[in-house]
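Participant: Data: protein_14.txt, compact mmCIF, C-alpha atoms (C1' of nucleotides).
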```txt
# COMPACT_ATOMS: atom_id res chain seq x y z
CA MET I 861 10.50 -7.40 -6.28
CA THR I 862 12.01 -10.79 -5.64
CA PHE I 863 10.51 -14.18 -6.17
CA SER I 864 9.95 -16.14 -2.99
CA ALA I 865 12.41 -18.72 -1.74
CA LYS I 866 9.76 -21.29 -2.43
CA THR I 867 10.03 -20.52 -6.11
CA GLU I 868 13.79 -20.75 -6.00
CA TYR I 869 13.58 -24.11 -4.26
CA GLY I 870 11.00 -25.33 -6.71
CA VAL I 871 13.10 -24.41 -9.72
CA ARG I 872 16.12 -26.14 -8.23
CA LEU I 873 14.00 -29.15 -7.50
CA MET I 874 12.83 -29.27 -11.10
CA ILE I 875 16.39 -28.96 -12.35
CA GLU I 876 17.47 -31.76 -10.08
CA LEU I 877 14.69 -33.93 -11.47
CA GLY I 878 15.79 -33.00 -14.96
CA ARG I 879 19.37 -34.00 -14.25
CA HIS I 880 18.20 -37.35 -13.00
CA ASP I 881 17.07 -38.77 -16.28
CA GLY I 882 16.86 -42.40 -15.15
CA GLY I 883 13.61 -44.31 -15.18
CA ASP I 884 13.29 -44.67 -11.43
CA PRO I 885 11.81 -41.84 -9.42
CA LEU I 886 13.97 -39.54 -7.34
CA ALA I 887 13.22 -39.30 -3.62
CA LEU I 888 12.69 -35.88 -2.13
CA LYS I 889 15.24 -36.63 0.55
CA ALA I 890 17.95 -37.03 -2.06
CA ILE I 891 17.06 -33.66 -3.57
CA ALA I 892 17.02 -32.01 -0.18
CA GLU I 893 20.48 -33.31 0.58
CA ALA I 894 21.89 -32.47 -2.83
CA GLU I 895 20.67 -28.90 -2.69
CA GLY I 896 20.99 -28.39 1.04
CA LEU I 897 17.33 -27.54 1.50
CA PRO I 898 14.99 -28.44 4.36
CA LEU I 899 13.11 -31.60 3.47
CA SER I 900 9.94 -30.74 5.31
CA TYR I 901 9.63 -27.49 3.44
CA LEU I 902 10.35 -29.10 0.11
CA GLU I 903 7.27 -31.23 0.66
CA HIS I 904 5.13 -28.13 0.39
CA VAL I 905 7.02 -26.97 -2.65
CA VAL I 906 6.67 -30.20 -4.53
CA ALA I 907 3.00 -30.34 -3.65
CA ASP I 908 2.48 -27.19 -5.69
CA LEU I 909 4.37 -28.66 -8.59
CA LYS I 910 2.33 -31.81 -8.45
CA ARG I 911 -0.91 -29.88 -8.32
CA ALA I 912 0.16 -28.10 -11.48
CA GLU I 913 0.90 -31.49 -13.07
CA LEU I 914 4.53 -30.68 -13.63
CA VAL I 915 5.75 -33.69 -11.67
CA THR I 916 4.31 -37.10 -10.95
CA SER I 917 4.85 -39.08 -7.80
CA THR I 918 5.00 -42.70 -6.78
CA ARG I 919 4.37 -43.43 -3.15
CA GLY I 920 5.76 -46.04 -0.87
CA ALA I 921 9.27 -47.36 -0.49
CA HIS I 922 11.60 -46.56 -3.38
CA GLY I 923 9.10 -43.95 -4.43
CA GLY I 924 9.80 -40.41 -5.39
CA TYR I 925 9.17 -37.85 -8.09
CA ARG I 926 9.56 -37.67 -11.84
CA LEU I 927 9.04 -34.92 -14.36
CA ALA I 928 5.62 -35.21 -15.88
CA ARG I 929 7.01 -34.23 -19.28
CA GLU I 930 10.32 -33.95 -21.05
CA ALA I 931 12.42 -31.14 -19.65
CA ASP I 932 12.50 -29.46 -23.05
CA GLU I 933 8.72 -29.39 -23.09
CA ILE I 934 8.44 -27.51 -19.83
CA ALA I 935 8.49 -23.74 -20.08
CA MET I 936 9.56 -21.97 -16.94
CA ASP I 937 6.55 -19.71 -16.78
CA GLU I 938 4.50 -22.76 -15.89
CA VAL I 939 6.87 -23.66 -13.10
CA VAL I 940 7.11 -20.19 -11.63
CA LEU I 941 3.39 -19.67 -11.94
CA ALA I 942 2.69 -22.91 -10.09
CA LEU I 943 4.98 -21.91 -7.25
CA GLU I 944 4.32 -18.22 -7.05
CA GLY I 945 0.58 -18.45 -7.59
CA HIS I 946 0.60 -15.54 -9.97
CA VAL I 947 3.16 -13.40 -11.70
CA ALA I 948 2.33 -9.73 -11.68
CA PRO I 949 4.38 -6.74 -10.63
CA MET I 950 1.31 -5.16 -9.07
CA ASP I 951 -1.67 -6.60 -7.28
CA CYS I 952 -4.18 -5.00 -9.58
CA LEU I 953 -2.80 -6.88 -12.57
CA VAL I 954 -4.35 -10.17 -13.46
CA THR I 955 -3.62 -12.51 -16.31
CA LEU I 956 -6.84 -13.25 -18.11
CA PRO I 957 -7.63 -16.70 -19.48
CA THR I 958 -7.06 -15.30 -22.93
CA ASP I 959 -3.42 -14.71 -22.03
CA ARG I 960 -3.97 -11.01 -22.11
CA VAL I 961 -2.99 -8.87 -19.18
CA ALA I 962 -5.48 -6.52 -17.66
CA CYS I 963 -5.81 -4.19 -14.73
CA SER I 964 -8.57 -4.86 -12.28
CA HIS I 965 -8.82 -1.16 -11.47
CA GLU I 966 -10.09 -0.68 -14.98
CA GLY I 967 -13.30 0.94 -13.85
CA ASP I 968 -12.03 3.39 -11.29
CA ALA I 969 -12.77 6.58 -13.15
CA GLY I 970 -9.89 6.08 -15.50
CA ARG I 971 -7.37 7.87 -13.36
CA ALA I 972 -6.85 5.12 -10.84
CA CYS I 973 -4.33 3.08 -12.72
CA SER I 974 -2.18 5.61 -14.46
CA THR I 975 0.69 3.31 -13.66
CA ARG I 976 -0.91 0.52 -15.60
CA LEU I 977 1.12 0.96 -18.73
CA LEU I 978 4.33 0.51 -16.79
CA TRP I 979 3.33 -2.59 -14.89
CA MET I 980 1.94 -4.22 -17.97
CA ARG I 981 5.20 -3.72 -19.79
CA VAL I 982 7.14 -5.11 -16.88
CA GLN I 983 4.91 -8.11 -16.60
CA GLY I 984 5.23 -8.66 -20.30
CA GLY I 985 8.99 -8.65 -19.98
CA VAL I 986 8.91 -11.12 -17.12
CA LEU I 987 6.51 -13.50 -18.80
CA LYS I 988 8.43 -13.37 -22.03
CA ALA I 989 11.67 -14.22 -20.26
CA LEU I 990 10.04 -17.06 -18.35
CA HIS I 991 8.15 -18.45 -21.29
CA GLY I 992 11.21 -18.31 -23.48
CA THR I 993 13.23 -20.46 -21.12
CA THR I 994 12.72 -24.20 -20.85
CA LEU I 995 13.67 -26.46 -18.01
CA GLY I 996 15.83 -28.32 -20.48
CA GLU I 997 17.98 -25.24 -20.97
CA LEU I 998 18.49 -24.86 -17.26
CA VAL I 999 19.38 -28.51 -16.85
CA GLU I 1000 21.90 -28.27 -19.62
CA PHE I 1001 23.25 -25.04 -18.20
CA SER I 1002 23.71 -26.54 -14.78
CA GLU I 1003 25.44 -29.61 -16.16
CA ARG I 1004 27.77 -27.54 -18.25
CA HIS I 1005 28.54 -25.36 -15.30
CA ALA I 1006 29.18 -28.32 -13.03
CA HIS I 1007 31.64 -29.63 -15.57
CA GLU I 1008 33.45 -26.31 -15.68
CA ALA I 1009 33.68 -26.37 -11.93
CA VAL I 1010 35.34 -29.76 -12.06
CA VAL I 1011 37.75 -28.59 -14.72
CA ALA I 1012 38.56 -25.45 -12.82
CA MET A 1249 6.84 -11.04 -7.20
CA THR A 1250 5.10 -7.73 -6.78
CA PHE A 1251 6.58 -4.31 -6.33
CA SER A 1252 5.87 -2.73 -2.99
CA ALA A 1253 3.08 -0.25 -2.47
CA LYS A 1254 5.75 2.32 -1.84
CA THR A 1255 6.90 1.95 -5.42
CA GLU A 1256 3.37 2.24 -6.69
CA TYR A 1257 2.85 5.39 -4.66
CA GLY A 1258 6.12 6.82 -5.84
CA VAL A 1259 5.33 6.24 -9.49
CA ARG A 1260 1.94 7.87 -9.07
CA LEU A 1261 3.55 10.75 -7.30
CA MET A 1262 5.96 11.22 -10.15
CA ILE A 1263 3.15 11.10 -12.68
CA GLU A 1264 1.24 13.68 -10.69
CA LEU A 1265 4.29 15.94 -10.73
CA GLY A 1266 4.61 15.38 -14.46
CA ARG A 1267 1.00 16.37 -15.03
CA HIS A 1268 1.52 19.57 -13.08
CA ASP A 1269 3.77 21.32 -15.55
CA GLY A 1270 3.47 24.79 -14.07
CA GLY A 1271 6.45 26.62 -12.67
CA ASP A 1272 5.35 26.57 -9.06
CA PRO A 1273 6.01 23.53 -6.92
CA LEU A 1274 3.29 21.06 -6.06
CA ALA A 1275 2.57 20.46 -2.39
CA LEU A 1276 2.59 16.89 -1.15
CA LYS A 1277 -0.78 17.39 0.44
CA ALA A 1278 -2.32 18.10 -2.94
CA ILE A 1279 -0.86 14.90 -4.36
CA ALA A 1280 -2.05 12.91 -1.38
CA GLU A 1281 -5.57 14.18 -1.85
CA ALA A 1282 -5.57 13.72 -5.60
CA GLU A 1283 -4.41 10.14 -5.38
CA GLY A 1284 -6.09 9.25 -2.12
CA LEU A 1285 -2.86 8.28 -0.42
CA PRO A 1286 -1.80 8.82 3.20
CA LEU A 1287 0.20 12.02 3.41
CA SER A 1288 2.46 10.91 6.21
CA TYR A 1289 3.52 7.89 4.26
CA LEU A 1290 4.07 9.86 1.07
CA GLU A 1291 6.66 11.86 2.93
CA HIS A 1292 8.80 8.76 3.18
CA VAL A 1293 8.24 7.97 -0.44
CA VAL A 1294 9.19 11.37 -1.70
CA ALA A 1295 12.26 11.34 0.51
CA ASP A 1296 13.59 8.41 -1.49
CA LEU A 1297 12.89 10.21 -4.74
CA LYS A 1298 14.64 13.28 -3.50
CA ARG A 1299 17.66 11.29 -2.37
CA ALA A 1300 17.88 9.88 -5.87
CA GLU A 1301 17.72 13.41 -7.26
CA LEU A 1302 14.58 12.73 -9.22
CA VAL A 1303 12.65 15.54 -7.56
CA THR A 1304 13.63 18.85 -6.02
CA SER A 1305 11.93 20.50 -3.11
CA THR A 1306 11.31 24.01 -1.92
CA ARG A 1307 10.54 24.42 1.73
CA GLY A 1308 8.35 26.85 3.53
CA ALA A 1309 4.92 28.12 2.75
CA HIS A 1310 3.83 27.58 -0.86
CA GLY A 1311 6.63 25.07 -1.14
CA GLY A 1312 6.40 21.64 -2.62
CA TYR A 1313 8.06 19.38 -5.13
CA ARG A 1314 9.09 19.59 -8.75
CA LEU A 1315 10.58 17.10 -11.15
CA ALA A 1316 14.33 17.49 -11.24
CA ARG A 1317 14.32 16.92 -15.00
CA GLU A 1318 11.92 16.87 -17.90
CA ALA A 1319 9.52 13.96 -17.69
CA ASP A 1320 10.76 12.67 -21.02
CA GLU A 1321 14.29 12.52 -19.65
CA ILE A 1322 13.35 10.30 -16.73
CA ALA A 1323 13.50 6.58 -17.37
CA MET A 1324 11.37 4.51 -15.05
CA ASP A 1325 14.16 2.19 -14.02
CA GLU A 1326 15.64 5.11 -12.12
CA VAL A 1327 12.37 5.74 -10.34
CA VAL A 1328 11.69 2.14 -9.44
CA LEU A 1329 15.27 1.60 -8.38
CA ALA A 1330 15.14 4.62 -6.10
CA LEU A 1331 11.99 3.36 -4.43
CA GLU A 1332 12.61 -0.35 -4.38
CA GLY A 1333 16.28 -0.15 -3.48
CA HIS A 1334 17.18 -2.79 -6.01
CA VAL A 1335 15.52 -4.65 -8.81
CA ALA A 1336 16.38 -8.33 -8.89
CA PRO A 1337 14.14 -11.36 -9.02
CA MET A 1338 16.43 -13.18 -6.61
CA ASP A 1339 18.52 -12.00 -3.70
CA CYS A 1340 21.74 -13.41 -5.09
CA LEU A 1341 21.52 -11.18 -8.13
CA VAL A 1342 23.24 -7.85 -8.03
CA THR A 1343 23.55 -5.19 -10.67
CA LEU A 1344 27.19 -4.31 -11.07
CA PRO A 1345 28.30 -0.72 -11.65
CA THR A 1346 29.08 -1.73 -15.21
CA ASP A 1347 25.40 -2.37 -15.77
CA ARG A 1348 26.04 -6.07 -16.05
CA VAL A 1349 24.10 -8.50 -13.93
CA ALA A 1350 25.92 -11.04 -11.84
CA CYS A 1351 25.16 -13.70 -9.28
CA SER A 1352 26.80 -13.33 -5.92
CA HIS A 1353 26.81 -17.09 -5.47
CA GLU A 1354 29.30 -17.25 -8.28
CA GLY A 1355 31.87 -19.07 -6.20
CA ASP A 1356 29.74 -21.73 -4.57
CA ALA A 1357 31.16 -24.72 -6.35
CA GLY A 1358 29.35 -23.90 -9.53
CA ARG A 1359 26.27 -25.88 -8.71
CA ALA A 1360 24.79 -23.44 -6.26
CA CYS A 1361 23.15 -21.13 -8.73
CA SER A 1362 21.90 -23.41 -11.43
CA THR A 1363 18.89 -21.14 -11.51
CA ARG A 1364 21.07 -18.21 -12.41
CA LEU A 1365 20.36 -18.28 -16.10
CA LEU A 1366 16.66 -17.95 -15.47
CA TRP A 1367 16.81 -15.10 -13.01
CA MET A 1368 19.23 -13.18 -15.15
CA ARG A 1369 16.90 -13.40 -18.10
CA VAL A 1370 13.98 -12.28 -15.97
CA GLN A 1371 15.89 -9.39 -14.55
CA GLY A 1372 16.95 -8.43 -18.04
CA GLY A 1373 13.34 -8.38 -19.12
CA VAL A 1374 12.30 -6.25 -16.20
CA LEU A 1375 15.09 -3.75 -16.57
CA LYS A 1376 14.51 -3.48 -20.29
CA ALA A 1377 10.82 -2.78 -19.75
CA LEU A 1378 11.56 -0.21 -17.07
CA HIS A 1379 14.38 1.46 -18.92
CA GLY A 1380 12.37 1.61 -22.10
CA THR A 1381 9.56 3.52 -20.46
CA THR A 1382 9.85 7.20 -19.64
CA LEU A 1383 7.85 9.16 -17.14
CA GLY A 1384 6.73 11.31 -20.03
CA GLU A 1385 4.99 8.35 -21.62
CA LEU A 1386 3.15 7.58 -18.41
CA VAL A 1387 2.09 11.19 -18.00
CA GLU A 1388 0.79 11.29 -21.52
CA PHE A 1389 -0.92 7.94 -21.06
CA SER A 1390 -2.65 9.10 -17.92
CA GLU A 1391 -3.78 12.33 -19.52
CA ARG A 1392 -5.12 10.56 -22.55
CA HIS A 1393 -6.92 8.09 -20.34
CA ALA A 1394 -8.40 10.83 -18.17
CA HIS A 1395 -9.70 12.51 -21.30
CA GLU A 1396 -11.32 9.29 -22.46
CA ALA A 1397 -12.99 8.98 -19.10
CA VAL A 1398 -14.44 12.44 -19.45
CA VAL A 1399 -15.65 11.72 -22.97
CA ALA A 1400 -17.11 8.42 -21.92
C1' DG P 467 4.48 -56.12 9.51
C1' DC P 468 8.40 -53.21 9.23
C1' DT P 469 10.30 -49.50 6.79
C1' DA P 470 10.71 -45.97 3.42
C1' DA P 471 8.60 -42.95 1.16
C1' DT P 472 4.71 -39.65 -0.26
C1' DC P 473 0.94 -36.89 1.62
C1' DC P 474 -1.61 -33.49 4.60
C1' DG P 475 -2.75 -30.01 7.84
C1' DA P 476 -1.87 -27.14 11.65
C1' DC P 477 1.20 -24.51 14.03
C1' DT P 478 5.16 -21.24 15.27
C1' DC P 479 8.46 -17.61 14.44
C1' DC P 480 10.09 -13.58 12.53
C1' DA P 481 11.13 -9.96 9.26
C1' DC P 482 9.24 -6.59 6.69
C1' DT P 483 5.79 -3.58 4.88
C1' DG P 484 2.70 -0.03 5.50
C1' DC P 485 1.49 3.39 8.30
C1' DT P 486 1.22 6.72 12.30
C1' DA P 487 3.08 10.07 15.65
C1' DG P 488 5.37 13.84 16.88
C1' DG P 489 8.36 16.68 16.65
C1' DG P 490 11.81 19.81 14.24
C1' DT P 491 13.09 23.58 10.51
C1' DT P 492 12.44 26.66 6.73
C1' DT P 493 9.97 30.17 4.31
C1' DC P 494 6.28 33.21 2.96
C1' DG P 495 2.85 36.61 3.77
C1' DA P 496 0.17 39.66 6.57
C1' DT V 1262 7.37 39.57 13.88
C1' DC V 1263 4.33 36.20 14.16
C1' DG V 1264 2.04 32.28 12.51
C1' DA V 1265 0.74 29.19 9.10
C1' DA V 1266 2.17 26.17 5.59
C1' DA V 1267 5.06 23.38 3.98
C1' DC V 1268 9.19 20.23 4.08
C1' DC V 1269 12.08 17.14 7.01
C1' DC V 1270 13.53 13.49 10.33
C1' DT V 1271 13.32 9.73 13.70
C1' DA V 1272 11.00 6.33 16.25
C1' DG V 1273 7.83 3.00 16.79
C1' DC V 1274 3.85 -0.10 16.06
C1' DA V 1275 0.60 -3.60 14.20
C1' DG V 1276 -0.64 -6.83 10.68
C1' DT V 1277 0.58 -9.91 7.13
C1' DG V 1278 2.76 -13.33 4.94
C1' DG V 1279 6.85 -16.09 4.14
C1' DA V 1280 9.83 -19.79 5.81
C1' DG V 1281 10.12 -23.54 8.34
C1' DT V 1282 8.70 -27.30 11.89
C1' DC V 1283 6.05 -31.07 13.57
C1' DG V 1284 3.08 -34.92 13.92
C1' DG V 1285 0.66 -37.98 11.92
C1' DA V 1286 -1.82 -40.59 8.06
C1' DT V 1287 -1.39 -43.26 3.93
C1' DT V 1288 0.84 -46.11 0.52
C1' DA V 1289 3.97 -49.53 -1.19
C1' DG V 1290 8.00 -52.60 -1.31
C1' DC V 1291 10.50 -56.32 1.13
```
Translate the structure of the given file into structure tokens.
Facilitator:
Amino acid sequence: MTFSAKTEYGVRLMIELGRHDGGDPLALKAIAEAEGLPLSYLEHVVADLKRAELVTSTRGAHGGYRLAREADEIAMDEVVLALEGHVAPMDCLVTLPTDRVACSHEGDAGRACSTRLLWMRVQGGVLKALHGTTLGELVEFSERHAHEAVVA
Amino acid sequence: MTFSAKTEYGVRLMIELGRHDGGDPLALKAIAEAEGLPLSYLEHVVADLKRAELVTSTRGAHGGYRLAREADEIAMDEVVLALEGHVAPMDCLVTLPTDRVACSHEGDAGRACSTRLLWMRVQGGVLKALHGTTLGELVEFSERHAHEAVVA
DNA sequence: GCTAATCCGACTCCACTGCTAGGGTTTCGA
DNA sequence: TCGAAACCCTAGCAGTGGAGTCGGATTAGC
């Protein structure tokens, strides 16, 4: 029950973009070096984020990535969802377009998904935690923490 | 971010034990057939549950398994923890004996775990959902649902 | 046109999950 | 007392997917 490393990398990447509030884009290479992550793998990660329209890119020399929106406007469930593909504690759980959670075993003679209640509650807890956290909070948290580290 | 099939099987197994409220133990083979799960694999699953003292066993002919406690007294975080080993959305998160959640990267120059805040919130949500659900609820839920299926 | 950067796809490696196999040990009942 | 029914334990295997690499194509600044 852990998120993939890709998700971890992606979140860090987003935070790094959030910390870099300047107008010019931030190159992936700089992020890779700052976080100590493999550049070639980060390319895949950022591709997911771009596909989900969470970051924008400018190609060519002096290019790089920017947040597509203000950090405060980005809820972390979007980020994690983009990276992880889906967020469900069990394969049979799917998030419907209506934002309701359902179990795809629904038809199996009733008995099949007796565990449904549990997984739905868990998923609810996860989504609530993710949705209730913005990238802005994480950026601020990381900056505060970095400052403490300097002080200490 | 899904729980393993082992955990799913284990939860179903526990529910099945909860449904069988009689005094005599329930054989694993019966559970395997009822749930359509491979018997030889269930043996591994139930071993974990036994190690965590969630079920008791009686060997020999007419043996089987029983819940170690009343279903209402069993919180699902215990069950999932026993099966999954640990419940943390990220590897660096550990649950301390004091029930507090901490990040094992704590020392890494502060910056390392800028994602910490997020994962801790997620883990909190998961644990709360699991802890707030008892096996008794799931048993009742499954019985109610089975009844509906019959009616329908 | 050189260089720095984003893009894109294919490919490898490896750990882990799910599952099987095969043997034990215990206990009940005939 | 024998055998069947159950629990118990260890080893091992095959498939999948995650993590990462590599090579190249494209775009843009200088």
Participant: Considering all atoms listed in the file, return as a ChimeraX atom specification whatever protein or nucleic-acid residues lie within 12 Å of P:DA476, sequence-local ones (same chain, fewer than 3 positions apart) excluded.
Facilitator: /V:1282-1285
Participant: Could you make a table, as JSON lines, of the residues of chain P that have an atom within 10 Å of an atom of chain I, each with its nearest atom pair and distance in Å to one decimal, counting only C-alpha atoms (C1' of nucleotides), in chain and number order?
Facilitator:
```
{"residue": "P:DT469", "atom": "C1'", "partner": "I:Ala921", "partner_atom": "CA", "distance": 7.7}
{"residue": "P:DA470", "atom": "C1'", "partner": "I:Ala921", "partner_atom": "CA", "distance": 4.4}
{"residue": "P:DA471", "atom": "C1'", "partner": "I:Gly920", "partner_atom": "CA", "distance": 4.7}
{"residue": "P:DT472", "atom": "C1'", "partner": "I:Arg919", "partner_atom": "CA", "distance": 4.8}
{"residue": "P:DC473", "atom": "C1'", "partner": "I:Glu903", "partner_atom": "CA", "distance": 8.5}
{"residue": "P:DC474", "atom": "C1'", "partner": "I:His904", "partner_atom": "CA", "distance": 9.6}
```
Participant: In Å to one decimal, how far is atom CA of A:Arg1317 from atom CA of A:Ser1390?
Facilitator: 18.9 Å
Participant: With distances taken over all atoms listed in the file, which of A:Asp1339, A:Asp1272, A:Glu1332, A:Glu1283 is nearest to A:Arg1314?
Facilitator: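 Checking each candidate against A:Arg1314, we get A:Asp1272 as the closest.
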Participant: Residues of chain V no more than 7 Å from chain A, counting only C-alpha atoms (C1' of nucleotides): send them over as a PDB file with C-alpha atoms (C1' of nucleotides), in the frame of the given file.
Facilitator:
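Just written: part.pdb:
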```pdb
ATOM      1  C1'  DA V1266       2.170  26.170   5.590  1.00  0.00           C
ATOM      2  C1'  DA V1267       5.060  23.380   3.980  1.00  0.00           C
ATOM      3  C1'  DC V1268       9.190  20.230   4.080  1.00  0.00           C
TER       4       DC V1268
END
```
Participant: Taking (11.0, 6.7, 16.2) as a centre in this file's frame and 12 Å as the limit, can you find every polymer residue with an atom that close, using only C-alpha atoms (C1' of nucleotides), and give them as a ChimeraX atom specification?
Facilitator: /P:486-489 /V:1270-1274
Participant: Write out, as a tab-separated table, each residue of chain A that has an atom at most 8 Å from chain I, together with the closest pair of atoms and their distance in Å to one decimal, counting only C-alpha atoms, rows going by chain and rising number.
Facilitator:
```
residue	atom	partner	partner_atom	distance
A:Met1249	CA	I:Phe863	CA	4.9
A:Thr1250	CA	I:Pro949	CA	4.0
A:Phe1251	CA	I:Met861	CA	5.0
A:Ser1252	CA	I:Met861	CA	7.4
A:Glu1256	CA	I:Thr975	CA	7.5
A:Val1259	CA	I:Thr975	CA	6.9
A:Arg1260	CA	I:Thr975	CA	6.6
A:Ile1263	CA	I:Ser974	CA	7.9
A:Glu1283	CA	I:Ala972	CA	7.8
A:Glu1332	CA	I:Met861	CA	7.6
A:Val1335	CA	I:Met861	CA	6.3
A:Ala1336	CA	I:Thr862	CA	6.0
A:Pro1337	CA	I:Thr862	CA	4.0
A:Met1338	CA	I:Thr862	CA	5.1
A:Asp1339	CA	I:Thr862	CA	6.9
A:Ala1357	CA	I:Ala1009	CA	6.3
A:Gly1358	CA	I:Ala1009	CA	5.5
A:Arg1359	CA	I:Ala1006	CA	5.8
A:Ala1360	CA	I:Glu895	CA	7.7
A:Ser1362	CA	I:Ser1002	CA	4.9
A:Thr1363	CA	I:Arg872	CA	6.6
A:Leu1365	CA	I:Leu998	CA	6.9
A:Leu1366	CA	I:Thr993	CA	7.1
A:Arg1369	CA	I:Ala989	CA	5.7
A:Val1370	CA	I:Ala989	CA	5.2
A:Gln1371	CA	I:Val986	CA	7.6
A:Gly1373	CA	I:Gly985	CA	4.4
A:Val1374	CA	I:Val982	CA	5.3
A:Lys1376	CA	I:Gly985	CA	7.6
A:Ala1377	CA	I:Val982	CA	5.2
A:Leu1378	CA	I:Val982	CA	6.6
A:Thr1381	CA	I:Leu978	CA	7.1
A:Leu1386	CA	I:Thr975	CA	6.8
A:Val1387	CA	I:Ser974	CA	7.9
A:Phe1389	CA	I:Ser974	CA	7.1
A:Ser1390	CA	I:Ser974	CA	4.9
A:His1393	CA	I:Gly970	CA	6.0
A:Ala1394	CA	I:Gly970	CA	5.6
A:Glu1396	CA	I:Gly970	CA	7.8
A:Ala1397	CA	I:Gly970	CA	5.6
```
Participant: Just need the box for stretch 1263-1280 of chain V, edges along x, y and z, holding every atom the file lists for it with 4 Å tacked onto each side, so centre and edge lengths in Å to one decimal, as lines of an AutoDock Vina configuration file.
Facilitator:
```
center_x = 6.4
center_y = 8.2
center_z = 10.4
size_x = 22.2
size_y = 64.0
size_z = 20.8
```
Participant: Separation of atom CA of I:Ala928 and atom CA of I:Leu909, in Å?
Facilitator: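 Interatomic distance here is 9.9 Å.
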Participant: One decimal, in Å: what's the spacing between atom CA of I:Ile891 and atom C1' of V:DG1281?
Facilitator: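 Computed distance, atom CA of I:Ile891 to atom C1' of V:DG1281, equals 17.1 Å.
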Participant: In the coordinates of the file, take the point (9.3, -34.3, -19.7) and a cut-off of 12 Å; then, counting all atoms listed in the file, name each qualifying protein, DNA or RNA residue as a list in words.
Facilitator: Met874, Ile875, Leu877, Gly878, Arg879, His880, Asp881, Gly882, Gly883, Glu913, Leu914, Val915, Thr916, Arg926, Leu927, Ala928, Arg929, Glu930, Ala931, Asp932, Glu933, Ile934, Ala935, Thr994, Leu995, Gly996 and Val999 of chain I
